[in-house]
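Q: Quick one, my_file.cif (mmCIF, C-alpha atoms):
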data_input
#
loop_
_atom_site.label_atom_id
_atom_site.label_comp_id
_atom_site.auth_asym_id
_atom_site.auth_seq_id
_atom_site.Cartn_x
_atom_site.Cartn_y
_atom_site.Cartn_z
CA ASP Z 1 -3.06 -0.63 -16.02
CA GLN Z 2 -4.08 3.02 -15.94
CA VAL Z 3 -5.14 4.33 -12.53
CA SER Z 4 -6.06 7.70 -11.09
CA ILE Z 5 -3.07 9.71 -9.89
CA ILE Z 6 -4.79 10.04 -6.51
CA ALA Z 7 -5.69 6.92 -4.53
CA LEU Z 8 -7.98 6.46 -1.56
CA GLY Z 9 -6.05 4.92 1.33
CA GLY Z 10 -7.98 2.80 3.81
CA GLY Z 11 -5.89 3.20 6.95
CA HIS Z 12 -7.43 6.40 8.24
CA LEU Z 13 -10.94 5.29 7.34
CA ALA Z 14 -10.69 2.61 10.05
CA ARG Z 15 -9.76 4.91 12.90
CA PRO Z 16 -11.99 4.77 16.00
CA GLY Z 17 -14.86 7.20 16.32
CA LEU Z 18 -15.71 7.60 12.64
CA ASP Z 19 -19.31 7.30 11.52
CA GLU Z 20 -19.79 4.09 9.53
CA GLN Z 21 -22.20 5.57 7.00
CA GLU Z 22 -19.91 8.55 6.46
CA VAL Z 23 -16.99 6.23 5.76
CA LEU Z 24 -19.00 4.16 3.27
CA GLY Z 25 -20.20 7.36 1.63
CA THR Z 26 -16.64 8.68 1.41
CA ILE Z 27 -15.47 5.58 -0.44
CA GLN Z 28 -18.39 5.73 -2.86
CA ALA Z 29 -17.96 9.47 -3.40
CA ALA Z 30 -14.27 8.98 -4.19
CA VAL Z 31 -15.13 6.47 -6.91
CA ASP Z 32 -17.89 8.77 -8.21
CA MET Z 33 -15.33 11.57 -8.50
CA GLY Z 34 -12.90 9.47 -10.54
CA VAL Z 35 -10.64 7.76 -8.01
CA THR Z 36 -9.92 4.30 -9.41
CA PHE Z 37 -7.14 3.14 -7.06
CA ILE Z 38 -8.33 1.83 -3.68
CA ASP Z 39 -5.70 0.79 -1.14
CA THR Z 40 -6.25 -1.02 2.16
CA ALA Z 41 -4.65 -3.74 4.32
CA TRP Z 42 -5.54 -6.86 6.28
CA ASP Z 43 -4.78 -5.22 9.64
CA TYR Z 44 -6.30 -1.76 9.20
CA GLY Z 45 -8.75 -1.47 12.08
CA ASP Z 46 -8.54 -5.23 12.68
CA GLY Z 47 -10.23 -5.83 9.33
CA ILE Z 48 -12.73 -2.98 9.54
CA SER Z 49 -11.17 -1.10 6.62
CA GLU Z 50 -11.44 -4.08 4.26
CA ASP Z 51 -15.00 -4.69 5.40
CA TYR Z 52 -15.91 -1.07 4.66
CA MET Z 53 -14.25 -1.29 1.24
CA GLY Z 54 -16.07 -4.51 0.37
CA ARG Z 55 -19.45 -3.12 1.35
CA ALA Z 56 -18.94 0.27 -0.31
CA LEU Z 57 -17.71 -1.31 -3.54
CA SER Z 58 -20.48 -3.89 -3.77
CA GLY Z 59 -21.57 -3.94 -7.40
CA ARG Z 60 -18.69 -1.62 -8.35
CA ARG Z 61 -15.70 -3.94 -8.05
CA ASP Z 62 -14.85 -3.62 -11.73
CA ASP Z 63 -14.72 0.18 -11.44
CA VAL Z 64 -11.57 0.19 -9.34
CA PHE Z 65 -8.02 -1.11 -9.08
CA LEU Z 66 -8.15 -2.76 -5.66
CA ALA Z 67 -5.07 -3.28 -3.51
CA THR Z 68 -4.57 -4.80 -0.07
CA LYS Z 69 -1.66 -6.00 2.03
CA VAL Z 70 -0.73 -8.99 4.18
CA CYS Z 71 1.17 -8.64 7.45
CA ALA Z 72 2.43 -12.17 8.14
CA ARG Z 73 5.98 -13.20 7.35
CA ASP Z 74 5.30 -16.96 7.10
CA ALA Z 75 3.51 -18.58 4.17
CA LYS Z 76 0.73 -20.34 6.09
CA THR Z 77 -0.43 -17.28 8.00
CA ALA Z 78 -0.03 -15.05 4.94
CA ALA Z 79 -2.20 -17.41 2.89
CA ASN Z 80 -4.89 -17.31 5.58
CA GLN Z 81 -4.76 -13.52 5.64
CA ILE Z 82 -5.15 -13.37 1.87
CA ASP Z 83 -8.28 -15.50 2.03
CA GLU Z 84 -9.68 -13.44 4.91
CA SER Z 85 -9.04 -10.24 2.94
CA LEU Z 86 -10.90 -11.56 -0.10
CA ILE Z 87 -13.89 -12.47 2.07
CA ARG Z 88 -13.99 -9.02 3.65
CA LEU Z 89 -13.51 -7.29 0.30
CA ARG Z 90 -16.26 -9.44 -1.24
CA THR Z 91 -14.22 -10.38 -4.26
CA ASP Z 92 -12.41 -13.38 -5.67
CA HIS Z 93 -9.24 -11.40 -6.40
CA VAL Z 94 -7.41 -8.16 -5.78
CA ASP Z 95 -5.42 -6.31 -8.40
CA LEU Z 96 -2.39 -5.78 -6.18
CA LEU Z 97 -1.28 -7.75 -3.12
CA GLN Z 98 1.61 -6.38 -1.09
CA LEU Z 99 3.70 -7.33 1.92
CA HIS Z 100 2.83 -4.73 4.55
CA GLU Z 101 5.34 -2.58 6.44
CA CYS Z 102 8.69 -4.15 5.63
CA ASN Z 103 10.32 -2.02 8.31
CA TYR Z 104 12.71 -4.33 10.11
CA ASP Z 105 16.19 -5.42 9.08
CA ASN Z 106 15.27 -9.12 9.21
CA ASP Z 107 11.99 -8.78 7.28
CA PRO Z 108 13.52 -9.75 3.91
CA ASP Z 109 15.09 -12.91 5.37
CA LEU Z 110 11.85 -13.88 7.11
CA ILE Z 111 9.81 -13.26 3.97
CA PHE Z 112 12.17 -15.34 1.82
CA GLN Z 113 12.81 -18.22 4.22
CA THR Z 114 11.77 -21.73 3.21
CA ASP Z 115 8.24 -21.22 4.52
CA GLY Z 116 8.25 -17.44 4.07
CA ALA Z 117 5.36 -15.22 3.04
CA ILE Z 118 6.71 -14.70 -0.47
CA HIS Z 119 5.51 -18.21 -1.35
CA ALA Z 120 1.94 -17.27 -0.39
CA LEU Z 121 2.09 -14.19 -2.61
CA LEU Z 122 3.50 -16.12 -5.56
CA ASP Z 123 0.85 -18.80 -5.11
CA ALA Z 124 -1.87 -16.14 -4.94
CA LYS Z 125 -0.64 -14.69 -8.22
CA GLU Z 126 -0.47 -18.10 -9.87
CA THR Z 127 -3.98 -19.06 -8.74
CA GLY Z 128 -5.58 -15.76 -9.72
CA LYS Z 129 -6.16 -14.32 -6.26
CA THR Z 130 -4.07 -11.33 -7.26
CA ARG Z 131 -2.80 -9.91 -10.52
CA TYR Z 132 0.29 -8.17 -9.14
CA ILE Z 133 2.55 -8.44 -6.10
CA GLY Z 134 4.68 -5.92 -4.25
CA PHE Z 135 5.83 -4.66 -0.88
CA THR Z 136 5.63 -1.54 1.27
CA GLY Z 137 7.96 0.11 3.76
CA HIS Z 138 8.61 3.47 5.36
CA LYS Z 139 11.51 3.09 7.80
CA HIS Z 140 14.75 2.59 5.86
CA PRO Z 141 15.55 2.42 2.12
CA ALA Z 142 18.14 -0.31 2.73
CA ILE Z 143 15.38 -2.77 3.66
CA LEU Z 144 13.55 -2.10 0.40
CA ILE Z 145 16.77 -2.39 -1.58
CA ASP Z 146 17.30 -5.82 -0.01
CA LEU Z 147 13.84 -6.88 -1.21
CA LEU Z 148 14.45 -5.45 -4.67
CA ASN Z 149 17.63 -7.52 -4.92
CA ARG Z 150 15.82 -10.79 -4.20
CA ASP Z 151 15.07 -13.17 -7.06
CA VAL Z 152 11.43 -12.18 -7.58
CA GLU Z 153 9.75 -10.21 -10.33
CA TRP Z 154 8.13 -7.49 -8.25
CA ASP Z 155 5.34 -5.42 -9.78
CA ALA Z 156 5.05 -2.59 -7.26
CA CYS Z 157 6.68 -0.81 -4.35
CA GLN Z 158 4.85 1.50 -1.94
CA MET Z 159 7.01 4.00 -0.06
CA PRO Z 160 7.07 7.55 1.33
CA VAL Z 161 7.28 10.29 -1.28
CA SER Z 162 7.42 13.61 0.52
CA ILE Z 163 8.88 17.08 0.53
CA PHE Z 164 11.18 16.18 3.45
CA ASP Z 165 12.37 12.87 2.00
CA SER Z 166 15.77 14.09 0.78
CA LEU Z 167 16.80 15.21 4.27
CA PHE Z 168 17.04 11.74 5.83
CA ARG Z 169 17.19 8.19 4.45
CA SER Z 170 15.85 9.33 1.11
CA PHE Z 171 13.51 6.86 -0.58
CA ALA Z 172 13.20 9.08 -3.65
CA ASN Z 173 16.95 9.20 -4.18
CA LYS Z 174 17.74 5.57 -3.39
CA ILE Z 175 14.66 3.57 -4.36
CA LEU Z 176 12.72 5.54 -6.95
CA PRO Z 177 15.44 5.33 -9.66
CA ILE Z 178 15.58 1.53 -9.31
CA VAL Z 179 11.82 1.14 -9.41
CA THR Z 180 11.33 3.39 -12.43
CA ALA Z 181 14.23 1.78 -14.32
CA ARG Z 182 12.60 -1.62 -13.87
CA GLY Z 183 9.21 -0.39 -15.00
CA MET Z 184 7.65 -1.17 -11.63
CA ALA Z 185 4.80 0.85 -10.16
CA CYS Z 186 5.78 3.19 -7.36
CA ILE Z 187 2.93 4.05 -5.02
CA GLY Z 188 3.67 7.18 -3.01
CA MET Z 189 2.47 7.54 0.57
CA LYS Z 190 2.82 9.82 3.60
CA SER Z 191 2.98 13.01 1.56
CA LEU Z 192 1.75 14.86 4.68
CA GLY Z 193 3.86 12.77 7.03
CA GLY Z 194 1.44 10.10 8.16
CA ASN Z 195 -0.34 12.17 10.80
CA GLY Z 196 -0.42 15.49 8.99
CA GLN Z 197 2.64 16.78 10.82
CA PHE Z 198 4.21 18.25 7.68
CA VAL Z 199 1.37 20.77 7.73
CA THR Z 200 0.50 21.11 11.42
CA GLU Z 201 4.12 21.49 12.57
CA THR Z 202 5.47 23.63 9.70
CA ASP Z 203 4.37 26.55 7.53
CA LEU Z 204 3.74 24.27 4.56
CA THR Z 205 0.26 23.88 3.09
CA PRO Z 206 -1.38 20.59 2.12
CA GLU Z 207 -1.32 21.79 -1.49
CA GLU Z 208 2.45 22.33 -1.43
CA CYS Z 209 3.08 18.89 0.05
CA ARG Z 210 0.76 17.14 -2.38
CA HIS Z 211 2.09 19.04 -5.39
CA TYR Z 212 5.66 18.08 -4.52
CA ALA Z 213 4.77 14.40 -4.18
CA LEU Z 214 2.76 14.44 -7.40
CA SER Z 215 5.67 16.01 -9.28
CA GLN Z 216 7.73 12.85 -8.79
CA PRO Z 217 7.70 9.86 -11.20
CA ILE Z 218 5.14 7.81 -9.26
CA THR Z 219 2.15 5.78 -10.37
CA THR Z 220 -0.34 7.06 -7.83
CA LEU Z 221 -0.42 8.88 -4.51
CA SER Z 222 -2.24 7.18 -1.66
CA CYS Z 223 -4.12 9.94 0.09
CA GLY Z 224 -4.28 9.30 3.75
CA ILE Z 225 -2.44 11.93 5.74
#
Please, can you express the file's structure as structure tokens?
A:
Amino acid sequence: DQVSIIALGGGHLARPGLDEQEVLGTIQAAVDMGVTFIDTAWDYGDGISEDYMGRALSGRRDDVFLATKVCARDAKTAANQIDESLIRLRTDHVDLLQLHECNYDNDPDLIFQTDGAIHALLDAKETGKTRYIGFTGHKHPAILIDLLNRDVEWDACQMPVSIFDSLFRSFANKILPIVTARGMACIGMKSLGGNGQFVTETDLTPEECRHYALSQPITTLSCGI
């Protein structure tokens, strides 16, 4: 699949105080301007983000590569979240379904237990509810390496790709080579730090941070902050 190098992330679009019509217009404007990768999650704004995406993309579903994420670690709850996401997104399938925020040391074991969430993702792929599966994380590369070493054919990995990455627990140095060697998609996130702190607390510009992230071998850059 070919996608735009810039994605529209749905996390910040669900923050309190935003005007609903402005959010819907932002999503539609992004697609009008050539953004084809749309990324959201089951828990963003307690479902508000997915609802916004579904409404804004009504009649335009085929124009985008649509991704969402599940938060549960058990299969039953994960399966319910997948179905809820599809209802909110007003579609019968997403293009990419990922396990959200694999940030704890025991996440891989929970996900791969007998009734773990991985079974819901594999079932969703088999039944056509998603085309690809993956996982996300932004706390420690070792957790993602654990997931990569599990006996599953992953399609994507979403992780921080930033100008400060090499200074501490580097995802680019430890994860990116594995992902690219396997031909997986790497989705970069937090190029400005998550809350814009790489710009507000340093002398760096947004352009410098984005350019650095975009210079790496990644599939697309999810543009929240």
Q: Got a sec to resolve the PyMOL selection byres ((chain Z and resi 176) around 12) on this structure and send the residues as a PyMOL selection string?
A: chain Z and resi 141+144-145+148+156-161+165-166+170-175+177-188+216-219
Q: Using the chain letters and residue numbers of this document, give as a compact mmCIF listing (two decimals) with C-alpha atoms, keeping the file's coordinate frame the residues selected by the PyMOL selection byres ((chain Z and resi 93) around 12).
A:
# COMPACT_ATOMS: atom_id res chain seq x y z
CA GLY Z 54 -16.07 -4.51 0.37
CA ARG Z 61 -15.70 -3.94 -8.05
CA ASP Z 62 -14.85 -3.62 -11.73
CA PHE Z 65 -8.02 -1.11 -9.08
CA LEU Z 66 -8.15 -2.76 -5.66
CA ALA Z 67 -5.07 -3.28 -3.51
CA THR Z 68 -4.57 -4.80 -0.07
CA ILE Z 82 -5.15 -13.37 1.87
CA ASP Z 83 -8.28 -15.50 2.03
CA GLU Z 84 -9.68 -13.44 4.91
CA SER Z 85 -9.04 -10.24 2.94
CA LEU Z 86 -10.90 -11.56 -0.10
CA ILE Z 87 -13.89 -12.47 2.07
CA ARG Z 88 -13.99 -9.02 3.65
CA LEU Z 89 -13.51 -7.29 0.30
CA ARG Z 90 -16.26 -9.44 -1.24
CA THR Z 91 -14.22 -10.38 -4.26
CA ASP Z 92 -12.41 -13.38 -5.67
CA VAL Z 94 -7.41 -8.16 -5.78
CA ASP Z 95 -5.42 -6.31 -8.40
CA LEU Z 96 -2.39 -5.78 -6.18
CA LEU Z 97 -1.28 -7.75 -3.12
CA ALA Z 124 -1.87 -16.14 -4.94
CA LYS Z 125 -0.64 -14.69 -8.22
CA GLU Z 126 -0.47 -18.10 -9.87
CA THR Z 127 -3.98 -19.06 -8.74
CA GLY Z 128 -5.58 -15.76 -9.72
CA LYS Z 129 -6.16 -14.32 -6.26
CA THR Z 130 -4.07 -11.33 -7.26
CA ARG Z 131 -2.80 -9.91 -10.52
CA TYR Z 132 0.29 -8.17 -9.14
Q: Tell me which of Z:Lys76, Z:His119, Z:Arg55, Z:His140 sits closest to Tyr104 (chain Z), counting only C-alpha atoms.
A: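 Residue with the minimum atom-to-atom distance to Tyr104 (chain Z): Z:His140.
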Q: Taking all atoms listed in the file into account, name the residue in Z:Glu22, Z:Asp43, Z:Glu201, Z:Asp32 that is nearest to Glu101 (chain Z).
A: Z:Asp43
Q: Please write as an mmCIF file with C-alpha atoms, keeping the file's coordinate frame the full residue list that the PyMOL selection byres ((chain Z and resi 115) around 12) yields on this file.
A:
data_model
loop_
_atom_site.group_PDB
_atom_site.id
_atom_site.type_symbol
_atom_site.label_atom_id
_atom_site.label_comp_id
_atom_site.auth_asym_id
_atom_site.auth_seq_id
_atom_site.Cartn_x
_atom_site.Cartn_y
_atom_site.Cartn_z
ATOM 1 C CA ALA Z 72 2.430 -12.170 8.140
ATOM 2 C CA ARG Z 73 5.980 -13.200 7.350
ATOM 3 C CA ASP Z 74 5.300 -16.960 7.100
ATOM 4 C CA ALA Z 75 3.510 -18.580 4.170
ATOM 5 C CA LYS Z 76 0.730 -20.340 6.090
ATOM 6 C CA THR Z 77 -0.430 -17.280 8.000
ATOM 7 C CA ALA Z 78 -0.030 -15.050 4.940
ATOM 8 C CA ALA Z 79 -2.200 -17.410 2.890
ATOM 9 C CA ASP Z 109 15.090 -12.910 5.370
ATOM 10 C CA LEU Z 110 11.850 -13.880 7.110
ATOM 11 C CA ILE Z 111 9.810 -13.260 3.970
ATOM 12 C CA PHE Z 112 12.170 -15.340 1.820
ATOM 13 C CA GLN Z 113 12.810 -18.220 4.220
ATOM 14 C CA THR Z 114 11.770 -21.730 3.210
ATOM 15 C CA GLY Z 116 8.250 -17.440 4.070
ATOM 16 C CA ALA Z 117 5.360 -15.220 3.040
ATOM 17 C CA ILE Z 118 6.710 -14.700 -0.470
ATOM 18 C CA HIS Z 119 5.510 -18.210 -1.350
ATOM 19 C CA ALA Z 120 1.940 -17.270 -0.390
ATOM 20 C CA LEU Z 121 2.090 -14.190 -2.610
#
Q: Between Z:Asn106, Z:Ser162, Z:Gln28, Z:Thr136, which residue has the minimum interatomic distance to Phe198 (chain Z), considering all atoms listed in the file?
A: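 Once distances to Phe198 (chain Z) are computed over all atoms listed in the file, the minimum belongs to Z:Ser162.
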Q: State, in Å with one decimal place, the distance from CA of Asn103 (chain Z) to CA of Asp146 (chain Z).
A: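 Going from CA of Asn103 (chain Z) over to CA of Asp146 (chain Z), I get 11.5 Å.
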Q: Pick out the closest residue to Cys102 (chain Z) from this set: Z:Ala142, Z:Leu204, Z:Val64, Z:Ile38. Count all atoms listed in the file.
A: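 Of the candidates, the smallest distance to Cys102 (chain Z) is held by Z:Ala142.
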Q: Z:Ile133, Z:Leu192, Z:Leu57, Z:Leu167: which is nearest Cys223 (chain Z), counting all atoms listed in the file?
A: Z:Leu192
Q: Pick out the residues sitting within 10 Å of His12 (chain Z), and hand them over as a PyMOL selection string; count only C-alpha atoms, and ignore anything fewer than 2 positions along from it in its own chain.
A: chain Z and resi 8-10+14-16+18+23+40+44-45+49+194-195+223-225
Q: Figure out the distance between CA of Gln2 (chain Z) and CA of Thr36 (chain Z), please, to one decimal in Å.
A: 8.9 Å
Q: One number please: CA of Glu20 (chain Z) to CA of Asp51 (chain Z), in Å, one decimal.
A: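 About the pair CA of Glu20 (chain Z) and CA of Asp51 (chain Z): they are 10.8 Å apart.
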Q: For a quick check of understanding, using all atoms listed in the file, which of Z:Pro108, Z:Ser191, Z:Ile143, Z:Arg150 has the smallest distance to Arg169 (chain Z)?
A: Z:Ile143
Q: I'd like the neighbourhood of Lys69 (chain Z) as an mmCIF file with C-alpha atoms, in the frame of the given file, where a residue qualifies if any of its atoms comes within 7 Å (using all atoms listed in the file), though same-chain residues fewer than 3 positions away should be ignored.
A:
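Full text of out-v4.cif as output:
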data_model
loop_
_atom_site.group_PDB
_atom_site.id
_atom_site.type_symbol
_atom_site.label_atom_id
_atom_site.label_comp_id
_atom_site.auth_asym_id
_atom_site.auth_seq_id
_atom_site.Cartn_x
_atom_site.Cartn_y
_atom_site.Cartn_z
ATOM 1 C CA THR Z 40 -6.250 -1.020 2.160
ATOM 2 C CA ALA Z 41 -4.650 -3.740 4.320
ATOM 3 C CA TRP Z 42 -5.540 -6.860 6.280
ATOM 4 C CA LEU Z 97 -1.280 -7.750 -3.120
ATOM 5 C CA GLN Z 98 1.610 -6.380 -1.090
ATOM 6 C CA LEU Z 99 3.700 -7.330 1.920
ATOM 7 C CA HIS Z 100 2.830 -4.730 4.550
#
